[in-house]
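*Asks:* Have a look at this one before I ask anything.
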Amino acid sequence: MSKLWGGRFTGGLDPRFESFNRSLAVDSRMWREDIRGSIAWAKALLAAQVLDSAEERAIREGLERLAARLEEQPGAFSASQAEDVHSYVEGELKSDIGEPARKLHTGRSRNDQVATDLRLYLKRRAAALEERLVDLQRALVELAEPHAADPMPGFTHLQRAQPVTIGHHLLAYAEMLERDRTRIQDAVARMDRCPLGSGALAGTAFPVDREALARDLGFAGATSNSLDSVASRDHASEIAFACSTVAVHLSRLSEDWIFFASQESRLLELSDAVATGSSLMPQKKNPDSLELLRGKTARVLGALQSLLVLQKGLPLAYDKDLQEDKELLFDALDTVEGCLEVAAITVRSARFDTQRCRAESTRGYANATDLADWLVRRGIPFRDAHERAGAVVRTALEARCEIEELPAPAWRAQLPELADVTQEQWRAELCADAVLERRNQVGGTSPSRVRTEILEWKRRLEAWKTASRA
Ligand code: ARG
């Protein structure tokens with residue numbers, strides 16, 4: 001396979017270095033972008049009167065034929081010895097149309113070419129990632145709806161804290177994913193500038209209209225500094241960071257649900273479709289999908305770290321080190337997309353044990369704060385109320401029962417402020433439903449608040465559907 005750069009060399013490459021140097025197996029994924037960029041570049045060269053219209057047409061039609069062929073045979077790259085996707089596309093074009101292909105690289109470098117391909121590719125992948133995020137949000141909202149009013153235990157420090165609604169728990173994750181989604185959009189908006197026409201590092205010497213070229217490729221505009229254009233990969237870091245926050249959020253959801261699905265909690269049951277058994281212990285049902293979601297987070301965070309380290313010592317402008325960016329980034333994207341898909345399946349098929357969730361929601365004195373708040377409403381300063389409610393918890397601990405199960409004489413003796421309260425009122429005020437209903441301010445866990453949020457989410461997700469179809 002002839003090289004794109006053979007002229008000044010007399011010796012050939014050591015075959016071991018040749019394969020070390022080759023990136024086709026990784027960057028061939030960007031073939032669509034490479035062809036699209038080349039068609040646009042040929043058009044720009046025509047406008048700059050570097051190509052005549054017959055040459056430009058031969059190049060365009062040759063590239064379109066190549067695209068059609070690659071669409072048919074996605075495995076075509078494995079048989080090729082080309083150095084990278086850019087060499088591959090140019091080489092194939094040359095064997096198809098001959099001479100005009102030799103003019104295509106005028107004023108262009110693989111440095112601005114790969115920078116352009118990568119941005120185009122990331123824009124495409126970012127859109128797909130957003131769709132997957134929205135699908136998982138939809139799954140969470142769908143599950144939240146029937147559980148808007150169902151209590152479950154809420155935790156801090158993994159200790160029973162206060163009851164929350166199951167719907168509220170689920171919507172917490174929808175919120176995190178929404179920030180992830182807009183984080184991706186922000187990253188895309190910043191990378192939406194076209195580096196093509198920056199040449200190897202100093203710009204192109206031919207009168208190419210870079211703004212027109214940028215628009216032709218669907219970018220908001222052209223980049224402003226050729227050195228920066230070919231050397232920078234902070235957009236890659238940003239996408240890897242956005243992938244990392246998605247992964248971390250999925251990992252936290254996994255950790256929550258692994259615990260909820262454990263024999264220790266039994267708040268949730270995973271579907272057989274996403275759990276596995278043990279080859280040894282017949283009774284086991286293991287939450288593998290969740291464990292893998294948690295585990296795969298490690299490689300995504302690793303990719304972000306590697307990308308940053310990859311760039312930290314690089315002098316301007318392009319350095320071959322940057323060829324390593326794609327494998328890391330593609331793996332992060334593939335991993336997170338796969339994780340989002342499996343997370344959506346897991347959420348859609350999970351079943352909360354609402355009875356058990358309810359029974360457990362106030363157990364462990366998770367309503368003690370509400371007892372203190374009750375005393376506050378009877379005029380006691382919160383610090384004192386906290387102390388008094390704590391003493392009631394101690395009494396209940398000694399009696400080995402819950403606060404609401406304490407016999408009236410026990411709590412009346414400690415809380416004269418509640419002397420008028422009957423035993424039924426005592427129970428009713430401290431039951432899970434009452435505890436939840438009080439928290440109906442914005443952001444709170446009350447069923448009515450959660451229902452309002454669900455409506456808002458449905459509206460938002462519907463609007464997204466319409467916008468993405470437009
Ligand atoms: N395969 C290279 C990469 O991914 C393309 C750019 C190569 N440029 C060069 N001057 N060798 O970064």
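In the structure tokens, each chain is lettered A, B, ... as it comes, each chain's residues begin at 1, and ligands are numbered from 1 in order of appearance.
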Neighbouring residues of region 80-82 of chain A were defined as those with any atom within 12 Å, considering only C-alpha atoms; residues of the same chain fewer than 6 positions away were excluded. Please report them as a VMD selection string.

*Replies:* chain A and resid 1 to 4 15 18 to 19 21 to 25 27 to 28 88 to 92

*Asks:* Given the selection you just returned, output its residues as a file containing N, CA and C atoms, formatted as an mmCIF file, in the first residue's frame.

*Replies:*
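Dumped everything to part38.cif:
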```cif
data_model
loop_
_atom_site.group_PDB
_atom_site.id
_atom_site.type_symbol
_atom_site.label_atom_id
_atom_site.label_comp_id
_atom_site.auth_asym_id
_atom_site.auth_seq_id
_atom_site.Cartn_x
_atom_site.Cartn_y
_atom_site.Cartn_z
ATOM 1 N N MET A 1 0.864 -1.205 0.000
ATOM 2 C CA MET A 1 0.000 0.000 0.000
ATOM 3 C C MET A 1 0.890 1.241 0.000
ATOM 4 N N SER A 2 0.703 2.121 -0.996
ATOM 5 C CA SER A 2 1.565 3.294 -1.045
ATOM 6 C C SER A 2 1.135 4.288 0.028
ATOM 7 N N LYS A 3 2.114 5.012 0.556
ATOM 8 C CA LYS A 3 1.857 5.956 1.634
ATOM 9 C C LYS A 3 1.464 7.316 1.064
ATOM 10 N N LEU A 4 0.865 8.133 1.918
ATOM 11 C CA LEU A 4 0.492 9.481 1.489
ATOM 12 C C LEU A 4 1.698 10.415 1.567
ATOM 13 N N PRO A 15 7.918 -3.475 9.501
ATOM 14 C CA PRO A 15 6.519 -3.942 9.547
ATOM 15 C C PRO A 15 5.918 -3.902 10.950
ATOM 16 N N GLU A 18 4.960 -0.427 11.440
ATOM 17 C CA GLU A 18 3.836 -0.130 10.555
ATOM 18 C C GLU A 18 2.507 -0.513 11.221
ATOM 19 N N SER A 19 2.489 -1.678 11.838
ATOM 20 C CA SER A 19 1.215 -2.068 12.454
ATOM 21 C C SER A 19 0.969 -1.283 13.758
ATOM 22 N N ASN A 21 1.730 1.774 14.154
ATOM 23 C CA ASN A 21 1.357 3.115 13.701
ATOM 24 C C ASN A 21 -0.065 3.164 13.127
ATOM 25 N N ARG A 22 -0.532 1.993 12.695
ATOM 26 C CA ARG A 22 -1.804 1.958 11.947
ATOM 27 C C ARG A 22 -2.994 2.192 12.869
ATOM 28 N N SER A 23 -3.897 3.093 12.459
ATOM 29 C CA SER A 23 -5.079 3.384 13.295
ATOM 30 C C SER A 23 -6.382 3.024 12.592
ATOM 31 N N LEU A 24 -6.270 2.384 11.423
ATOM 32 C CA LEU A 24 -7.485 2.129 10.632
ATOM 33 C C LEU A 24 -8.554 1.362 11.413
ATOM 34 N N ALA A 25 -8.121 0.378 12.200
ATOM 35 C CA ALA A 25 -9.113 -0.447 12.915
ATOM 36 C C ALA A 25 -9.970 0.407 13.846
ATOM 37 N N ASP A 27 -10.085 4.188 13.602
ATOM 38 C CA ASP A 27 -10.694 5.398 13.015
ATOM 39 C C ASP A 27 -11.565 5.117 11.790
ATOM 40 N N SER A 28 -11.575 3.846 11.325
ATOM 41 C CA SER A 28 -12.472 3.529 10.202
ATOM 42 C C SER A 28 -13.933 3.778 10.572
ATOM 43 N N TYR A 88 -7.115 5.473 3.645
ATOM 44 C CA TYR A 88 -7.992 4.472 3.024
ATOM 45 C C TYR A 88 -8.917 5.129 1.998
ATOM 46 N N VAL A 89 -9.595 6.180 2.417
ATOM 47 C CA VAL A 89 -10.579 6.829 1.539
ATOM 48 C C VAL A 89 -9.882 7.381 0.291
ATOM 49 N N GLU A 90 -8.754 8.045 0.491
ATOM 50 C CA GLU A 90 -8.053 8.618 -0.658
ATOM 51 C C GLU A 90 -7.536 7.513 -1.585
ATOM 52 N N GLY A 91 -7.040 6.439 -0.978
ATOM 53 C CA GLY A 91 -6.530 5.315 -1.779
ATOM 54 C C GLY A 91 -7.626 4.665 -2.601
ATOM 55 N N GLU A 92 -8.773 4.440 -1.988
ATOM 56 C CA GLU A 92 -9.898 3.822 -2.705
ATOM 57 C C GLU A 92 -10.381 4.737 -3.826
#
```

*Asks:* Output the neighbourhood of ligand 1 as a list in words, that is, all protein and nucleic acid residues with some atom at most 6 Å from the ligand, counting only C-alpha atoms and all ligand atoms.

*Replies:* Ser23, Asp84, Arg110, Asn111, Val114, Lys320, Leu322 and Gln323 of chain A

*Asks:* Would you write out, as JSON lines, a table of all residues in region 47-153 of chain A that have an atom no more than 6 Å from an atom of region 354-376 of chain A, listing for each the closest atom pair and the distance in Å to one decimal, considering only C-alpha atoms and ordering rows by chain and rising residue number?

*Replies:*
```
{"residue": "A:Pro151", "atom": "CA", "partner": "A:Arg358", "partner_atom": "CA", "distance": 5.0}
{"residue": "A:Met152", "atom": "CA", "partner": "A:Cys357", "partner_atom": "CA", "distance": 4.5}
{"residue": "A:Pro153", "atom": "CA", "partner": "A:Ser361", "partner_atom": "CA", "distance": 3.9}
```

*Asks:* Filtering to all heavy atoms, could you give me those residues as a PDB file, in the first residue's frame?

*Replies:*
```pdb
ATOM      1  N   PRO A 151     -44.908   4.965  49.860  1.00  0.00           N
ATOM      2  CA  PRO A 151     -43.744   5.263  50.692  1.00  0.00           C
ATOM      3  C   PRO A 151     -42.678   4.173  50.638  1.00  0.00           C
ATOM      4  O   PRO A 151     -42.996   2.995  50.430  1.00  0.00           O
ATOM      5  CB  PRO A 151     -44.316   5.332  52.114  1.00  0.00           C
ATOM      6  CG  PRO A 151     -45.636   4.676  52.063  1.00  0.00           C
ATOM      7  CD  PRO A 151     -46.084   4.564  50.642  1.00  0.00           C
ATOM      8  N   MET A 152     -41.467   4.599  50.807  1.00  0.00           N
ATOM      9  CA  MET A 152     -40.342   3.668  50.971  1.00  0.00           C
ATOM     10  C   MET A 152     -39.364   4.320  51.944  1.00  0.00           C
ATOM     11  O   MET A 152     -39.446   5.528  52.177  1.00  0.00           O
ATOM     12  CB  MET A 152     -39.654   3.390  49.628  1.00  0.00           C
ATOM     13  CG  MET A 152     -38.886   4.578  49.065  1.00  0.00           C
ATOM     14  SD  MET A 152     -38.031   4.199  47.513  1.00  0.00           S
ATOM     15  CE  MET A 152     -36.722   3.150  48.115  1.00  0.00           C
ATOM     16  N   PRO A 153     -38.452   3.553  52.488  1.00  0.00           N
ATOM     17  CA  PRO A 153     -37.481   4.193  53.373  1.00  0.00           C
ATOM     18  C   PRO A 153     -36.530   5.078  52.564  1.00  0.00           C
ATOM     19  O   PRO A 153     -36.130   4.710  51.462  1.00  0.00           O
ATOM     20  CB  PRO A 153     -36.699   3.018  53.978  1.00  0.00           C
ATOM     21  CG  PRO A 153     -37.359   1.769  53.515  1.00  0.00           C
ATOM     22  CD  PRO A 153     -38.233   2.096  52.367  1.00  0.00           C
TER      23      PRO A 153
END
```

*Asks:* Give the answer as one residue: which of A:Leu436, A:Leu122, A:Leu328, A:Leu93 has the shortest atom-to-atom distance to Gly167 (chain A), using only C-alpha atoms?

*Replies:* A:Leu436

*Asks:* Which of region 132-355 of chain A end up as strand (DSSP E) when DSSP is run on this backbone - answer as a ChimeraX atom specification?

*Replies:* /A:151-156,159-165,193-194,221-222,268-269,351-352

*Asks:* At a cut-off of 10 Å, using only C-alpha atoms, what residues contact region 45-59 of chain A? Leave out same-chain residues fewer than 5 positions from it and give the result as an mmCIF file with C-alpha atoms, in the first residue's frame.

*Replies:*
```
data_model
loop_
_atom_site.group_PDB
_atom_site.id
_atom_site.type_symbol
_atom_site.label_atom_id
_atom_site.label_comp_id
_atom_site.auth_asym_id
_atom_site.auth_seq_id
_atom_site.Cartn_x
_atom_site.Cartn_y
_atom_site.Cartn_z
ATOM 1 C CA SER A 38 -13.795 15.219 1.531
ATOM 2 C CA ILE A 39 -16.834 15.934 -0.617
ATOM 3 C CA ALA A 40 -17.178 19.328 1.074
ATOM 4 C CA GLU A 64 -20.418 8.671 -3.158
ATOM 5 C CA ARG A 65 -19.769 5.309 -4.805
ATOM 6 C CA GLU A 90 -8.053 8.618 -0.658
ATOM 7 C CA LEU A 93 -10.864 6.994 -4.544
ATOM 8 C CA LYS A 94 -7.663 6.891 -6.515
ATOM 9 C CA ASP A 96 -11.698 4.221 -8.704
ATOM 10 C CA ILE A 97 -11.272 7.581 -10.489
ATOM 11 C CA GLY A 98 -7.495 7.851 -10.993
ATOM 12 C CA GLU A 99 -5.828 11.190 -11.561
ATOM 13 C CA PRO A 100 -8.341 13.729 -10.098
ATOM 14 C CA ALA A 101 -8.064 11.965 -6.713
ATOM 15 C CA ARG A 102 -4.462 13.171 -6.548
ATOM 16 C CA LYS A 103 -5.683 16.769 -6.338
ATOM 17 C CA LEU A 104 -8.110 16.304 -3.456
ATOM 18 C CA HIS A 105 -5.538 16.793 -0.708
ATOM 19 C CA THR A 106 -4.520 20.244 -1.974
ATOM 20 C CA GLY A 107 -4.296 22.703 0.909
ATOM 21 C CA PHE A 206 -5.613 28.445 -1.187
ATOM 22 C CA PRO A 207 -8.525 30.892 -1.202
ATOM 23 C CA VAL A 208 -10.991 28.573 0.507
ATOM 24 C CA ASP A 209 -14.147 30.126 1.939
ATOM 25 C CA LEU A 213 -17.257 25.120 4.058
#
```

*Asks:* Neighbours of region 260-265 of chain A within 10 Å (only C-alpha atoms; same-chain residues fewer than 2 positions away dropped), as a PyMOL selection string?

*Replies:* chain A and resi 153+254-258+267-270+285-287+350-353+356-357+360

*Asks:* Show me, as a list in words, the residues that have an atom within 8 Å of region 295-297 of chain A when counting only C-alpha atoms, minus same-chain residues fewer than 3 positions from it.

*Replies:*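 The residues satisfying every condition are Ser244, Ala247, Val248, Ser251, Glu291, Leu292, Val300, Leu301, Thr335 and Cys339 of chain A.
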
*Asks:* May I have the residues within 7 Å of region 189-196 of chain A as JSON, numbers by chain, using only C-alpha atoms and disregarding those fewer than 3 positions away in the same chain?

*Replies:* {"A": [112, 113, 115, 116, 119, 185, 186, 214, 219, 220, 221, 222, 223, 229, 235]}

*Asks:* How about saving the chosen residues, C-alpha atoms kept, as a PDB file, in the first residue's frame?

*Replies:*
```
ATOM      1  CA  ASP A 112      -7.303  19.287  10.026  1.00  0.00           C
ATOM      2  CA  GLN A 113      -9.055  16.350   8.424  1.00  0.00           C
ATOM      3  CA  ALA A 115      -9.959  17.119  13.707  1.00  0.00           C
ATOM      4  CA  THR A 116     -12.980  17.687  11.466  1.00  0.00           C
ATOM      5  CA  ARG A 119     -16.046  16.661  15.634  1.00  0.00           C
ATOM      6  CA  GLN A 185     -25.559  19.705  24.488  1.00  0.00           C
ATOM      7  CA  ASP A 186     -23.223  22.292  25.978  1.00  0.00           C
ATOM      8  CA  ALA A 214     -18.239  25.042   7.749  1.00  0.00           C
ATOM      9  CA  PHE A 219     -21.166  23.497  11.680  1.00  0.00           C
ATOM     10  CA  ALA A 220     -22.175  26.814  13.203  1.00  0.00           C
ATOM     11  CA  GLY A 221     -18.996  28.396  11.853  1.00  0.00           C
ATOM     12  CA  ALA A 222     -15.281  27.994  11.169  1.00  0.00           C
ATOM     13  CA  THR A 223     -12.594  27.809  13.879  1.00  0.00           C
ATOM     14  CA  SER A 229      -7.840  23.760  15.484  1.00  0.00           C
ATOM     15  CA  HIS A 235     -14.065  18.765  23.170  1.00  0.00           C
TER      16      HIS A 235
END
```

*Asks:* What is the CA of Trp457 (chain A) to CA of Val141 (chain A) distance in Å?

*Replies:*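 Between CA of Trp457 (chain A) and CA of Val141 (chain A) the gap works out to 7.2 Å.
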
*Asks:* Can you work out the spacing between CA of Ala128 (chain A) and CA of Glu453 (chain A) in Å, to one decimal?

*Replies:*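 Taking CA of Ala128 (chain A) as the start and CA of Glu453 (chain A) as the end point, the length is 25.8 Å.
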
*Asks:* Excluding same-chain residues fewer than 5 positions from region 437-449 of chain A, what lies within 6 Å of it counting only C-alpha atoms, as a ChimeraX atom specification?

*Replies:* /A:148-149,164-165,168

*Asks:* Here is a test: counting only C-alpha atoms, which residue of A:Gly218, A:Gly11, A:Pro146, A:Pro282 is nearest to Ile454 (chain A)?

*Replies:*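 Closest to Ile454 (chain A), using only C-alpha atoms: A:Pro146.
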
*Asks:* Which of these residues is nearest to Ala343 (chain A), using only C-alpha atoms: A:Asp331, A:Ser306, A:Val134, A:Gly313?

*Replies:* A:Val134

*Asks:* Identify which of the residues A:Ala172, A:Ala144, A:Leu280, A:Leu310 lies closest to Val347 (chain A), counting only C-alpha atoms when measuring atom-to-atom distances.

*Replies:*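 Among the listed residues, the smallest separation from Val347 (chain A) belongs to A:Ala144.
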
*Asks:* Find the residue from A:Glu83, A:Glu337, A:Asp420, A:Glu462 that sits nearest to Ala127 (chain A); use only C-alpha atoms when measuring.

*Replies:*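 Under the stated criterion, the closest residue is A:Glu337.
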
*Asks:* Select from region 104-258 of chain A everything DSSP, run on the backbone, classes as alpha helix (DSSP H), then give the selection as an MDAnalysis selection string.

*Replies:* chainID A and resid 110:144 166:191 210:216 226:231 234:258

*Asks:* What is the distance, in Å and to one decimal place, between CA of Pro74 (chain A) and CA of Ser109 (chain A)?

*Replies:* 25.5 Å

*Asks:* Using only C-alpha atoms, which of A:Thr245, A:Thr204, A:Gln137, A:Thr10 sits nearest Leu227 (chain A)?

*Replies:*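 Residue with the minimum atom-to-atom distance to Leu227 (chain A): A:Thr204.
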